[in-house]
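Structure data (mmCIF, C-alpha atoms) from entry-v2.cif:
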data_input
loop_
_atom_site.label_atom_id
_atom_site.label_comp_id
_atom_site.auth_asym_id
_atom_site.auth_seq_id
_atom_site.Cartn_x
_atom_site.Cartn_y
_atom_site.Cartn_z
CA MET A 1 135.92 -200.99 -100.37
CA LEU A 2 133.91 -199.86 -103.35
CA VAL A 3 136.38 -201.16 -105.82
CA ALA A 4 136.52 -204.65 -104.40
CA VAL A 5 132.78 -205.06 -104.50
CA SER A 6 132.24 -203.68 -107.95
CA THR A 7 135.20 -205.52 -109.43
CA LEU A 8 134.05 -208.78 -107.98
CA LEU A 9 130.59 -208.20 -109.35
CA ALA A 10 131.98 -207.22 -112.73
CA ALA A 11 133.98 -210.42 -112.81
CA ALA A 12 131.06 -212.50 -111.63
CA ILE A 13 128.85 -211.19 -114.38
CA GLY A 14 131.41 -210.41 -117.01
CA ILE A 15 133.19 -213.72 -117.14
CA PRO A 16 130.15 -215.93 -117.67
CA LEU A 17 128.83 -213.38 -120.13
CA GLY A 18 132.10 -213.46 -122.00
CA ILE A 19 131.89 -217.22 -122.16
CA ALA A 20 128.32 -217.04 -123.39
CA LEU A 21 129.34 -214.67 -126.11
CA THR A 22 131.87 -217.11 -127.47
CA ARG A 23 129.00 -219.47 -128.08
CA ARG A 24 126.97 -216.87 -129.98
CA PRO A 25 129.42 -215.04 -132.15
CA ARG A 26 126.71 -213.02 -133.84
CA LEU A 27 125.79 -211.36 -130.59
CA ALA A 28 129.37 -210.65 -129.72
CA ARG A 29 129.98 -207.72 -132.03
CA PRO A 30 126.93 -205.65 -131.01
CA ILE A 31 127.30 -206.33 -127.32
CA LEU A 32 130.99 -205.61 -127.20
CA GLY A 33 130.24 -202.53 -129.27
CA ILE A 34 127.67 -201.22 -126.86
CA ALA A 35 129.91 -201.88 -123.91
CA GLY A 36 132.66 -199.99 -125.69
CA VAL A 37 130.48 -196.97 -126.28
CA VAL A 38 129.37 -196.89 -122.68
CA GLN A 39 132.98 -196.87 -121.61
CA THR A 40 133.59 -193.65 -123.44
CA ILE A 41 130.92 -191.83 -121.50
CA PRO A 42 132.76 -189.61 -119.05
CA SER A 43 132.36 -191.09 -115.63
CA LEU A 44 130.89 -188.04 -113.98
CA ALA A 45 128.29 -187.97 -116.69
CA LEU A 46 127.44 -191.58 -116.01
CA PHE A 47 127.12 -190.89 -112.33
CA GLY A 48 124.87 -188.01 -113.26
CA PHE A 49 122.64 -190.25 -115.41
CA LEU A 50 122.28 -192.71 -112.64
CA LEU A 51 121.48 -190.30 -109.84
CA PRO A 52 117.83 -189.80 -110.65
CA LEU A 53 117.06 -193.45 -111.34
CA PRO A 54 114.74 -195.02 -108.81
CA LEU A 55 116.31 -198.28 -107.72
CA ILE A 56 119.96 -197.92 -108.41
CA GLY A 57 120.30 -194.18 -108.21
CA GLY A 58 120.62 -191.70 -105.46
CA ILE A 59 123.62 -190.27 -103.77
CA GLY A 60 125.95 -192.71 -102.22
CA ALA A 61 127.81 -195.93 -102.54
CA ARG A 62 125.17 -197.99 -104.31
CA THR A 63 125.06 -195.77 -107.37
CA ALA A 64 128.81 -195.72 -107.46
CA ILE A 65 128.91 -199.49 -107.43
CA VAL A 66 126.52 -199.69 -110.36
CA ALA A 67 128.57 -197.21 -112.33
CA LEU A 68 131.83 -198.95 -111.53
CA LEU A 69 130.24 -202.21 -112.55
CA VAL A 70 129.31 -200.85 -115.92
CA TYR A 71 132.83 -199.59 -116.53
CA ALA A 72 134.59 -202.64 -115.25
CA MET A 73 132.54 -204.99 -117.39
CA LEU A 74 134.06 -204.18 -120.73
CA PRO A 75 137.63 -205.26 -120.06
CA VAL A 76 136.40 -208.40 -118.35
CA LEU A 77 133.95 -209.19 -121.14
CA ARG A 78 136.33 -208.46 -123.92
CA ASN A 79 139.20 -210.39 -122.41
CA THR A 80 137.13 -213.41 -121.52
CA TYR A 81 135.76 -213.52 -125.03
CA ALA A 82 139.15 -213.03 -126.67
CA GLY A 83 140.89 -215.37 -124.28
CA ILE A 84 138.65 -218.29 -125.01
CA LEU A 85 138.76 -217.71 -128.72
CA SER A 86 142.53 -217.54 -128.62
CA VAL A 87 142.86 -221.15 -127.54
CA ASP A 88 144.45 -223.14 -130.34
CA PRO A 89 141.58 -224.63 -132.36
CA ALA A 90 143.52 -227.89 -132.73
CA ILE A 91 143.43 -228.28 -128.97
CA SER A 92 139.72 -227.58 -128.77
CA GLU A 93 139.13 -230.03 -131.55
CA ALA A 94 141.24 -232.66 -129.87
CA ALA A 95 139.21 -232.13 -126.71
CA THR A 96 135.96 -232.63 -128.57
CA GLY A 97 137.32 -235.53 -130.59
CA LEU A 98 138.37 -237.38 -127.47
CA GLY A 99 134.82 -237.20 -126.18
CA MET A 100 134.55 -234.21 -123.88
CA THR A 101 131.19 -232.56 -123.59
CA ALA A 102 131.10 -228.85 -124.30
CA ARG A 103 131.09 -228.10 -120.60
CA GLN A 104 134.02 -230.38 -119.91
CA ARG A 105 135.94 -228.80 -122.71
CA LEU A 106 135.24 -225.36 -121.27
CA TRP A 107 136.16 -226.18 -117.70
CA TRP A 108 139.02 -228.59 -118.25
CA VAL A 109 140.69 -227.04 -121.27
CA GLU A 110 139.51 -223.70 -122.60
CA LEU A 111 139.10 -221.73 -119.38
CA PRO A 112 142.37 -222.85 -117.83
CA LEU A 113 144.18 -221.94 -121.03
CA ALA A 114 142.38 -218.62 -121.33
CA LEU A 115 142.99 -217.75 -117.69
CA PRO A 116 145.95 -215.40 -118.16
CA VAL A 117 143.99 -213.29 -120.60
CA VAL A 118 140.90 -213.32 -118.41
CA LEU A 119 142.98 -212.28 -115.42
CA ALA A 120 144.44 -209.45 -117.46
CA GLY A 121 140.88 -208.28 -118.03
CA VAL A 122 140.18 -208.38 -114.31
CA ARG A 123 143.39 -206.49 -113.64
CA ILE A 124 142.46 -203.73 -116.07
CA ALA A 125 138.98 -203.57 -114.62
CA THR A 126 140.41 -203.22 -111.12
CA VAL A 127 142.79 -200.44 -112.01
CA VAL A 128 140.11 -198.56 -113.91
CA SER A 129 137.72 -198.99 -111.00
CA ILE A 130 140.16 -197.59 -108.51
CA GLY A 131 140.49 -194.47 -110.57
CA LEU A 132 136.77 -194.15 -110.98
CA ALA A 133 136.10 -194.80 -107.34
CA THR A 134 137.96 -191.69 -106.40
CA ILE A 135 135.70 -189.73 -108.73
CA ALA A 136 132.72 -191.39 -107.14
CA ALA A 137 133.39 -189.31 -104.11
CA ALA A 138 131.72 -186.54 -106.06
CA ILE A 139 128.40 -188.25 -105.61
CA GLY A 140 128.90 -188.86 -101.98
CA ALA A 141 130.33 -192.34 -102.12
CA GLY A 142 133.14 -191.56 -99.77
CA GLY A 143 136.59 -192.98 -99.96
CA LEU A 144 139.90 -191.46 -101.01
CA GLY A 145 138.17 -189.25 -103.54
CA VAL A 146 136.76 -187.17 -100.76
CA LEU A 147 140.22 -185.99 -99.81
CA ILE A 148 141.00 -185.11 -103.41
CA TYR A 149 137.87 -183.07 -103.87
CA ARG A 150 138.19 -181.30 -100.57
CA GLY A 151 141.74 -180.47 -101.43
CA ILE A 152 140.69 -179.06 -104.78
CA ALA A 153 137.90 -177.07 -103.14
CA ILE A 154 140.13 -175.32 -100.65
CA VAL A 155 143.19 -175.39 -102.87
CA ASP A 156 145.21 -177.45 -100.44
CA ASN A 157 147.82 -179.51 -102.21
CA ARG A 158 148.51 -181.71 -99.25
CA GLN A 159 144.91 -182.87 -99.08
CA ILE A 160 144.83 -183.53 -102.78
CA LEU A 161 147.96 -185.62 -102.50
CA ALA A 162 146.67 -187.33 -99.38
CA GLY A 163 143.88 -188.67 -101.51
CA ALA A 164 145.63 -189.04 -104.83
CA VAL A 165 148.82 -190.77 -103.74
CA PRO A 166 147.20 -193.65 -101.87
CA ALA A 167 144.78 -194.08 -104.76
CA ALA A 168 147.63 -194.24 -107.21
CA LEU A 169 149.58 -196.60 -104.97
CA LEU A 170 146.52 -198.80 -104.64
CA ALA A 171 146.19 -198.91 -108.39
CA LEU A 172 149.85 -199.78 -108.82
CA ALA A 173 149.68 -202.44 -106.15
CA ALA A 174 146.60 -204.04 -107.67
CA ASP A 175 148.17 -203.91 -111.08
CA GLY A 176 151.36 -205.44 -109.74
CA LEU A 177 149.78 -208.24 -107.72
CA LEU A 178 147.34 -209.27 -110.39
CA GLY A 179 150.12 -209.02 -112.93
CA ILE A 180 152.22 -211.49 -110.98
CA LEU A 181 149.27 -213.84 -110.77
CA GLU A 182 148.72 -213.53 -114.48
CA ARG A 183 152.33 -214.22 -115.34
CA ARG A 184 152.46 -217.21 -113.07
CA GLN A 185 149.38 -218.63 -114.80
CA SER A 186 150.70 -218.11 -118.29
CA LYS A 187 154.17 -219.45 -117.55
CA TRP A 188 153.06 -222.99 -117.21
CA ARG A 189 150.54 -222.87 -119.95
CA GLU A 190 153.04 -222.51 -122.70
CA SER A 191 153.29 -225.52 -124.96
CA MET B 1 126.85 -264.12 -139.93
CA GLY B 2 130.14 -262.34 -140.53
CA VAL B 3 131.73 -259.70 -138.34
CA SER B 4 130.76 -256.15 -139.28
CA PRO B 5 133.48 -254.03 -140.69
CA ALA B 6 135.05 -251.71 -138.15
CA VAL B 7 134.26 -248.65 -140.22
CA GLU B 8 132.08 -248.35 -143.29
CA PHE B 9 131.17 -245.43 -145.51
CA GLN B 10 128.10 -245.93 -147.68
CA GLU B 11 127.66 -243.45 -150.52
CA VAL B 12 128.49 -240.55 -148.25
CA ARG B 13 128.03 -237.01 -149.43
CA LYS B 14 129.08 -233.84 -147.69
CA SER B 15 129.12 -230.22 -148.80
CA PHE B 16 130.32 -227.05 -147.17
CA SER B 17 128.06 -224.18 -148.18
CA GLU B 18 127.20 -225.43 -151.63
CA HIS B 19 130.71 -226.71 -152.18
CA PRO B 20 130.73 -230.50 -152.47
CA VAL B 21 133.60 -232.12 -150.60
CA LEU B 22 132.51 -235.74 -150.49
CA ASP B 23 130.67 -237.11 -153.44
CA GLY B 24 129.47 -240.65 -152.94
CA LEU B 25 132.26 -242.01 -150.78
CA THR B 26 132.14 -245.75 -150.25
CA LEU B 27 134.81 -247.50 -148.25
CA THR B 28 135.23 -250.31 -145.75
CA VAL B 29 137.79 -250.85 -143.02
CA GLU B 30 137.71 -254.36 -141.63
CA ALA B 31 138.48 -255.17 -138.03
CA GLY B 32 142.22 -255.32 -137.47
CA GLU B 33 143.20 -253.83 -140.82
CA THR B 34 144.94 -250.57 -141.55
CA VAL B 35 143.51 -248.58 -144.42
CA ALA B 36 145.24 -245.49 -145.68
CA LEU B 37 143.07 -242.78 -147.15
CA ILE B 38 145.25 -240.83 -149.49
CA GLY B 39 144.86 -237.96 -151.88
CA PRO B 40 145.95 -234.40 -152.57
CA SER B 41 144.91 -231.60 -150.22
CA GLY B 42 141.30 -230.71 -150.59
CA CYS B 43 140.23 -234.15 -151.75
CA GLY B 44 138.12 -234.59 -148.66
CA LYS B 45 140.09 -237.18 -146.77
CA THR B 46 140.18 -235.31 -143.47
CA THR B 47 136.48 -234.54 -143.85
CA ALA B 48 135.82 -238.24 -144.30
CA LEU B 49 137.76 -239.04 -141.13
CA LYS B 50 135.83 -236.49 -139.13
CA LEU B 51 132.56 -238.07 -140.17
CA VAL B 52 133.50 -241.19 -138.29
CA ASN B 53 133.72 -239.51 -134.91
CA ARG B 54 131.03 -237.03 -135.85
CA LEU B 55 133.11 -233.93 -135.63
CA LEU B 56 131.25 -233.42 -138.88
CA GLU B 57 127.94 -234.87 -140.07
CA ALA B 58 127.19 -236.33 -143.46
CA ASP B 59 124.57 -234.73 -145.68
CA ALA B 60 123.67 -238.03 -147.29
CA GLY B 61 124.69 -241.66 -147.03
CA ARG B 62 125.67 -243.53 -143.90
CA VAL B 63 128.77 -243.94 -141.81
CA LEU B 64 128.88 -247.09 -139.70
CA VAL B 65 131.16 -248.04 -136.88
CA GLU B 66 131.05 -251.74 -135.98
CA GLY B 67 127.85 -252.07 -137.92
CA ARG B 68 126.01 -249.19 -136.25
CA ASP B 69 125.07 -245.94 -137.91
CA VAL B 70 126.98 -243.18 -136.17
CA ALA B 71 124.12 -240.78 -136.68
CA ARG B 72 122.02 -242.88 -134.32
CA GLU B 73 124.63 -243.07 -131.60
CA ASP B 74 125.34 -240.57 -128.89
CA ALA B 75 128.23 -238.55 -130.30
CA ILE B 76 130.05 -238.19 -127.01
CA ALA B 77 129.93 -241.91 -126.21
CA LEU B 78 131.01 -242.66 -129.75
CA ARG B 79 134.06 -240.45 -129.54
CA ARG B 80 135.16 -242.01 -126.29
CA LYS B 81 135.15 -245.35 -128.05
CA LEU B 82 137.32 -244.22 -130.91
CA GLY B 83 140.97 -243.35 -130.77
CA TYR B 84 141.75 -239.98 -132.38
CA VAL B 85 145.21 -238.77 -133.30
CA ILE B 86 145.82 -235.51 -135.11
CA GLN B 87 148.81 -233.82 -136.59
CA GLU B 88 150.82 -231.94 -133.97
CA GLY B 89 149.29 -234.10 -131.27
CA GLY B 90 146.81 -231.59 -129.93
CA LEU B 91 148.11 -232.24 -126.43
CA PHE B 92 146.77 -230.10 -123.60
CA PRO B 93 149.65 -227.82 -122.66
CA HIS B 94 148.49 -227.20 -119.12
CA TRP B 95 148.45 -230.91 -118.24
CA ASP B 96 151.40 -233.21 -117.85
CA VAL B 97 151.92 -236.24 -120.05
CA ARG B 98 150.19 -238.62 -117.69
CA ALA B 99 147.11 -236.43 -117.35
CA ASN B 100 146.92 -236.09 -121.11
CA VAL B 101 147.08 -239.84 -121.59
CA GLU B 102 144.47 -240.42 -118.88
CA THR B 103 141.95 -238.11 -120.56
CA VAL B 104 139.59 -240.68 -122.02
CA PRO B 105 139.77 -243.07 -119.06
CA ARG B 106 138.92 -240.11 -116.92
CA LEU B 107 135.96 -239.29 -119.15
CA LEU B 108 134.88 -242.90 -118.86
CA GLY B 109 134.97 -242.73 -115.09
CA TRP B 110 137.78 -245.16 -114.41
CA ASP B 111 139.14 -245.02 -110.90
CA GLU B 112 142.53 -243.53 -110.28
CA ASP B 113 144.41 -246.79 -109.88
CA ARG B 114 143.12 -248.23 -113.10
CA ARG B 115 143.93 -244.99 -114.91
CA ARG B 116 147.46 -244.87 -113.60
CA ARG B 117 148.16 -248.45 -114.50
CA ARG B 118 146.82 -248.06 -117.97
CA ALA B 119 148.73 -244.82 -118.52
CA GLY B 120 151.90 -246.61 -117.49
CA GLU B 121 151.13 -249.46 -119.90
CA VAL B 122 150.36 -247.28 -122.83
CA LEU B 123 153.30 -244.93 -122.31
CA GLY B 124 155.52 -247.97 -122.16
CA MET B 125 154.13 -249.09 -125.48
CA VAL B 126 155.20 -245.86 -127.11
CA ASN B 127 158.61 -245.97 -125.50
CA LEU B 128 158.06 -243.08 -123.14
CA PRO B 129 158.28 -244.75 -119.75
CA ALA B 130 155.89 -243.16 -117.32
CA GLU B 131 158.44 -242.83 -114.53
CA GLU B 132 160.55 -240.63 -116.70
CA PHE B 133 158.02 -238.85 -118.87
CA GLY B 134 154.78 -238.94 -116.93
CA ALA B 135 155.30 -235.70 -115.11
CA ARG B 136 156.68 -233.72 -118.01
CA ARG B 137 154.77 -231.02 -119.80
CA PRO B 138 154.17 -231.14 -123.55
CA ARG B 139 156.40 -228.13 -124.10
CA GLN B 140 159.31 -230.08 -122.65
CA LEU B 141 159.00 -232.78 -125.30
CA SER B 142 160.27 -233.02 -128.84
CA GLY B 143 157.82 -233.18 -131.74
CA GLY B 144 158.24 -236.93 -132.05
CA GLN B 145 157.72 -237.46 -128.34
CA ARG B 146 154.61 -235.32 -128.37
CA GLN B 147 153.18 -237.30 -131.22
CA ARG B 148 153.86 -240.51 -129.34
CA VAL B 149 151.98 -239.12 -126.35
CA GLY B 150 149.14 -238.31 -128.73
CA VAL B 151 149.07 -241.91 -129.85
CA ALA B 152 149.25 -243.14 -126.27
CA ARG B 153 146.34 -240.89 -125.40
CA ALA B 154 144.31 -242.31 -128.27
CA LEU B 155 145.08 -245.87 -127.20
CA ALA B 156 144.44 -245.36 -123.50
CA ALA B 157 140.88 -246.62 -123.46
CA ASP B 158 141.79 -249.48 -125.80
CA PRO B 159 139.42 -248.50 -128.61
CA PRO B 160 138.78 -250.98 -131.41
CA VAL B 161 139.27 -248.29 -134.03
CA LEU B 162 141.99 -245.70 -134.40
CA LEU B 163 141.45 -242.57 -136.48
CA MET B 164 144.68 -240.88 -137.49
CA ASP B 165 144.82 -237.61 -139.37
CA GLU B 166 148.25 -237.12 -140.93
CA PRO B 167 149.75 -238.19 -137.63
CA PHE B 168 153.37 -237.97 -138.71
CA GLY B 169 153.01 -235.05 -141.07
CA ALA B 170 154.51 -232.39 -138.86
CA LEU B 171 157.64 -234.32 -137.97
CA ASP B 172 161.09 -234.10 -139.48
CA PRO B 173 161.98 -237.03 -141.75
CA ILE B 174 164.02 -238.84 -139.11
CA ALA B 175 161.36 -238.62 -136.43
CA ARG B 176 158.76 -239.56 -138.99
CA ARG B 177 160.61 -242.66 -140.03
CA ALA B 178 161.12 -243.67 -136.42
CA LEU B 179 157.44 -243.30 -135.64
CA GLN B 180 156.41 -245.14 -138.77
CA ARG B 181 158.53 -248.04 -137.70
CA GLU B 182 157.00 -247.94 -134.26
CA PHE B 183 153.56 -247.85 -135.81
CA LEU B 184 154.30 -251.13 -137.59
CA ASP B 185 155.28 -252.56 -134.25
CA TRP B 186 152.04 -251.45 -132.54
CA LYS B 187 150.09 -252.57 -135.52
CA SER B 188 151.24 -256.13 -135.28
CA ARG B 189 150.77 -256.22 -131.52
CA LEU B 190 147.50 -254.41 -131.13
CA LYS B 191 145.50 -255.58 -134.13
CA LYS B 192 143.22 -252.57 -134.22
CA ALA B 193 141.33 -251.21 -137.18
CA VAL B 194 143.07 -248.05 -138.31
CA LEU B 195 141.89 -245.41 -140.72
CA LEU B 196 144.95 -243.36 -141.56
CA VAL B 197 144.72 -240.16 -143.54
CA THR B 198 147.91 -239.20 -145.30
CA HIS B 199 149.13 -237.42 -148.39
CA ASP B 200 152.36 -239.41 -148.50
CA MET B 201 152.16 -242.43 -150.78
CA ARG B 202 155.32 -243.93 -149.39
CA GLU B 203 153.86 -243.81 -145.92
CA ALA B 204 150.69 -245.44 -147.18
CA PHE B 205 152.66 -248.21 -148.85
CA LEU B 206 154.68 -248.75 -145.72
CA LEU B 207 151.95 -248.73 -143.11
CA ALA B 208 148.69 -249.80 -144.69
CA ASP B 209 147.19 -253.12 -145.59
CA ARG B 210 144.99 -251.45 -148.16
CA ILE B 211 145.08 -248.02 -149.69
CA ALA B 212 142.16 -245.94 -150.89
CA VAL B 213 143.15 -243.31 -153.41
CA MET B 214 140.85 -240.31 -153.30
CA ASP B 215 140.21 -237.52 -155.69
CA ARG B 216 137.71 -234.70 -155.20
CA GLY B 217 135.41 -236.52 -152.84
CA ARG B 218 135.39 -239.95 -154.41
CA ILE B 219 137.54 -243.00 -154.20
CA ARG B 220 139.27 -243.88 -157.44
CA GLN B 221 140.63 -247.19 -156.32
CA THR B 222 141.05 -249.27 -153.21
CA GLY B 223 143.57 -252.03 -153.03
CA THR B 224 146.82 -253.35 -151.69
CA LYS B 225 150.11 -251.86 -152.73
CA ALA B 226 150.46 -254.57 -155.35
CA ASP B 227 146.99 -253.88 -156.71
CA LEU B 228 147.74 -250.22 -157.14
CA LEU B 229 151.13 -250.74 -158.68
CA GLU B 230 150.21 -253.53 -161.08
CA ARG B 231 146.62 -252.75 -161.87
CA PRO B 232 146.00 -249.02 -161.44
CA ALA B 233 142.38 -248.19 -162.22
CA ASP B 234 143.19 -245.08 -164.22
CA ASP B 235 145.87 -242.52 -165.03
CA TYR B 236 145.18 -240.53 -161.93
CA VAL B 237 145.97 -243.49 -159.71
CA ARG B 238 148.92 -244.48 -161.82
CA GLU B 239 150.47 -241.05 -161.47
CA PHE B 240 149.76 -240.80 -157.81
CA VAL B 241 151.30 -244.14 -157.16
CA SER B 242 154.33 -243.61 -159.32
CA GLU B 243 155.43 -240.76 -157.11
CA ALA B 244 156.14 -243.29 -154.38
CA SER B 245 157.99 -245.94 -156.31
#
As structure tokens, the full file:
Amino acid sequence: MLVAVSTLLAAAIGIPLGIALTRRPRLARPILGIAGVVQTIPSLALFGFLLPLPLIGGIGARTAIVALLVYAMLPVLRNTYAGILSVDPAISEAATGLGMTARQRLWWVELPLALPVVLAGVRIATVVSIGLATIAAAIGAGGLGVLIYRGIAIVDNRQILAGAVPAALLALAADGLLGILERRQSKWRES
Amino acid sequence: MGVSPAVEFQEVRKSFSEHPVLDGLTLTVEAGETVALIGPSGCGKTTALKLVNRLLEADAGRVLVEGRDVAREDAIALRRKLGYVIQEGGLFPHWDVRANVETVPRLLGWDEDRRRRRAGEVLGMVNLPAEEFGARRPRQLSGGQRQRVGVARALAADPPVLLMDEPFGALDPIARRALQREFLDWKSRLKKAVLLVTHDMREAFLLADRIAVMDRGRIRQTGTKADLLERPADDYVREFVSEAS
């Protein structure tokens, strides 16, 4: 579904970007700032902006994916960045002092320890995306949103609910599952 | 030709944004000897230690390990050759004790068998038998046990030099005393060069062969306990030393 694709893409781009930002702290503030501003743009408006654009625009799923990507990036970015920085500096220093290269330190120590926070970012991104995906129906992307809109159009509560309830359940389920994963990861990272 | 000292500082200077921290530091640690670097907080002793494994770089002067300028060596290879123990251990919480201890051997590419054997050896040396403690996580250990694992980890690749930064500072007095006694035991058995940073004069007297008293980036006096007690170079040293006796 829409959400799966865009969330995966958001993670694929957002996580490495978040890591990169930890290496260039001066870039972090402006980039996180821009991402934050973009997030406040109402989603319909963003869909509207994208419609006329040549490559990524147009009615349909592709535009929706781009928009969802943009929205999902911020939580992933922010959490990856914060997660890595939240690793105890003594541990990072020990890792370096013992002779790990920067990459080894990242993969063996910092990422595993930051994982719960990063996963939280992915969880937020997923839940947000599910909500947005339903709105995406407005630009012809299909999915549960279609039922909601149709229901609104003909004032039929059952149709609205037929779309809204599964969407909400989906969001809750995603939140729940990813939450369990997150908790399991952080449980055995405590020191 | 004599053997090079294990560690040597030659007129080393280091500043942090205009603020001088090391001001012409000169010090030698011979092979097999334990030198305590002592001084009040802010005197630069931890900075000096970090110059040896290049966690920091000197602005002027040279730091030599086994006769070779550290600035000319590959930093990563250098660090894997030096044992490094910090306060609070700095153990990796997501790895068990054995994995922590095997860190440097793993970085050096030892095969699994060799790593396991060595981990067992080294954990035995610090009185944390691998069968019992190997699979535990750091959070399941007491402060003293964690520090011992930290020492085991530093010794795993059998480095000729051990760098210790206030290693027993975070422990309660009982645990500290126990570990100090154990240190004396390892010291006599292992015969490694040790540069030990501490702010505790009693600890320095107890553990070190020679003591270097630092003040604001320079060494005021280096000598044995007897030297410092009987022939203090100046009032500063005399006062510092008197606190321990």
Exercise. List, as a PyMOL selection string, every residue that the PyMOL selection byres ((chain B and resi 205) around 10) selects in the file provided.
Key: chain B and resi 36+200-204+206-211+224-226+228+241+244-245
Practice problem: Please evaluate the PyMOL selection byres ((chain B) within 10 of (chain A)) against the structure above and give the resulting residues as a ChimeraX atom specification. | Solution: /B:50,53-55,75-95,103-104,107-108,137-141,150,153-154
Practice problem: Determine the residue membership of the PyMOL selection byres ((chain B and resi 127) around 12) for the file above and supply it as number ranges by chain. | Solution: B: 120-126, 128-134, 144-149, 151-152, 178-179, 182-183, 185-186
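The gap separating atom CA of Ser142 of chain B from atom CA of Thr34 of chain B is 26.5 Å, in Å to one decimal.
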Exercise. Could you give me, as a PyMOL selection string, the residues within 10 Å of Val161 of chain B, counting only C-alpha atoms and dropping anything in the same chain fewer than 3 positions from it?
Key: chain B and resi 6-7+29-34+65-66+81-84+154-155+158+164+191-195
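The shell of residues at most 9 Å from Val197 of chain B, with all atoms listed in the file counted and near chain neighbours (fewer than 2 positions) removed, consists of Val35, Ala36, Leu37, Ile38, Gly39, Lys45, Thr46, Leu49, Leu163, Met164, Asp165, Glu166, Pro167, Leu195, His199 and Ala204 of chain B.
What separates atom CA of Val63 of chain B from atom CA of Leu25 of chain B is a distance of 9.8 Å.
Between atom CA of Asp111 of chain B and atom CA of Leu111 of chain A the interatomic distance comes to 24.8 Å.
Counting all atoms listed in the file, the residue from B:Pro5, B:Gly143, B:Gly24, B:Pro40 that sits nearest to Ala60 of chain B is B:Gly24.
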Give the centre and edge lengths of an axis-aligned box, in Å to one decimal, that holds all listed atoms of segment 154-171 of chain B with 3 Å on each side, as lines of an AutoDock Vina configuration file.
center_x = 148.2
center_y = -241.7
center_z = -132.3
size_x = 24.9
size_y = 24.6
size_z = 23.6
Self-check item: Within 10 Å of Gly36 of chain A using all atoms listed in the file, minus same-chain residues under 6 positions, as a ChimeraX atom specification
Solution: /A:30,71,73-75,78
Quiz item: Can you tell me, as an MDAnalysis selection string, which residues sit within 10 Å of (135.8, -240.1, -156.3) in the file's frame, using only C-alpha atoms?
Solution: chainID B and resid 22:26 43:44 213:221
Please rebuild segment 120-131 of chain A with N, CA and C atoms and return the result as a PDB file, in the coordinates of the input.
ATOM      1  N   ALA A 120     144.019-210.780-116.996  1.00  0.00           N
ATOM      2  CA  ALA A 120     144.440-209.450-117.460  1.00  0.00           C
ATOM      3  C   ALA A 120     143.233-208.531-117.516  1.00  0.00           C
ATOM      4  N   GLY A 121     142.109-209.076-117.968  1.00  0.00           N
ATOM      5  CA  GLY A 121     140.880-208.280-118.030  1.00  0.00           C
ATOM      6  C   GLY A 121     140.464-207.824-116.642  1.00  0.00           C
ATOM      7  N   VAL A 122     140.556-208.735-115.677  1.00  0.00           N
ATOM      8  CA  VAL A 122     140.180-208.380-114.310  1.00  0.00           C
ATOM      9  C   VAL A 122     141.127-207.314-113.752  1.00  0.00           C
ATOM     10  N   ARG A 123     142.398-207.465-114.104  1.00  0.00           N
ATOM     11  CA  ARG A 123     143.390-206.490-113.640  1.00  0.00           C
ATOM     12  C   ARG A 123     143.069-205.104-114.185  1.00  0.00           C
ATOM     13  N   ILE A 124     142.801-205.018-115.469  1.00  0.00           N
ATOM     14  CA  ILE A 124     142.460-203.730-116.070  1.00  0.00           C
ATOM     15  C   ILE A 124     141.222-203.156-115.406  1.00  0.00           C
ATOM     16  N   ALA A 125     140.218-204.033-115.236  1.00  0.00           N
ATOM     17  CA  ALA A 125     138.980-203.570-114.620  1.00  0.00           C
ATOM     18  C   ALA A 125     139.249-203.016-113.225  1.00  0.00           C
ATOM     19  N   THR A 126     140.113-203.678-112.479  1.00  0.00           N
ATOM     20  CA  THR A 126     140.410-203.220-111.120  1.00  0.00           C
ATOM     21  C   THR A 126     141.060-201.849-111.121  1.00  0.00           C
ATOM     22  N   VAL A 127     142.064-201.710-111.982  1.00  0.00           N
ATOM     23  CA  VAL A 127     142.790-200.440-112.010  1.00  0.00           C
ATOM     24  C   VAL A 127     141.860-199.300-112.433  1.00  0.00           C
ATOM     25  N   VAL A 128     141.053-199.575-113.466  1.00  0.00           N
ATOM     26  CA  VAL A 128     140.110-198.560-113.910  1.00  0.00           C
ATOM     27  C   VAL A 128     139.143-198.203-112.784  1.00  0.00           C
ATOM     28  N   SER A 129     138.687-199.223-112.085  1.00  0.00           N
ATOM     29  CA  SER A 129     137.720-198.990-111.000  1.00  0.00           C
ATOM     30  C   SER A 129     138.304-198.141-109.896  1.00  0.00           C
ATOM     31  N   ILE A 130     139.568-198.386-109.586  1.00  0.00           N
ATOM     32  CA  ILE A 130     140.160-197.590-108.510  1.00  0.00           C
ATOM     33  C   ILE A 130     140.147-196.121-108.877  1.00  0.00           C
ATOM     34  N   GLY A 131     140.510-195.861-110.131  1.00  0.00           N
ATOM     35  CA  GLY A 131     140.490-194.470-110.570  1.00  0.00           C
ATOM     36  C   GLY A 131     139.102-193.885-110.504  1.00  0.00           C
TER      37      GLY A 131
END
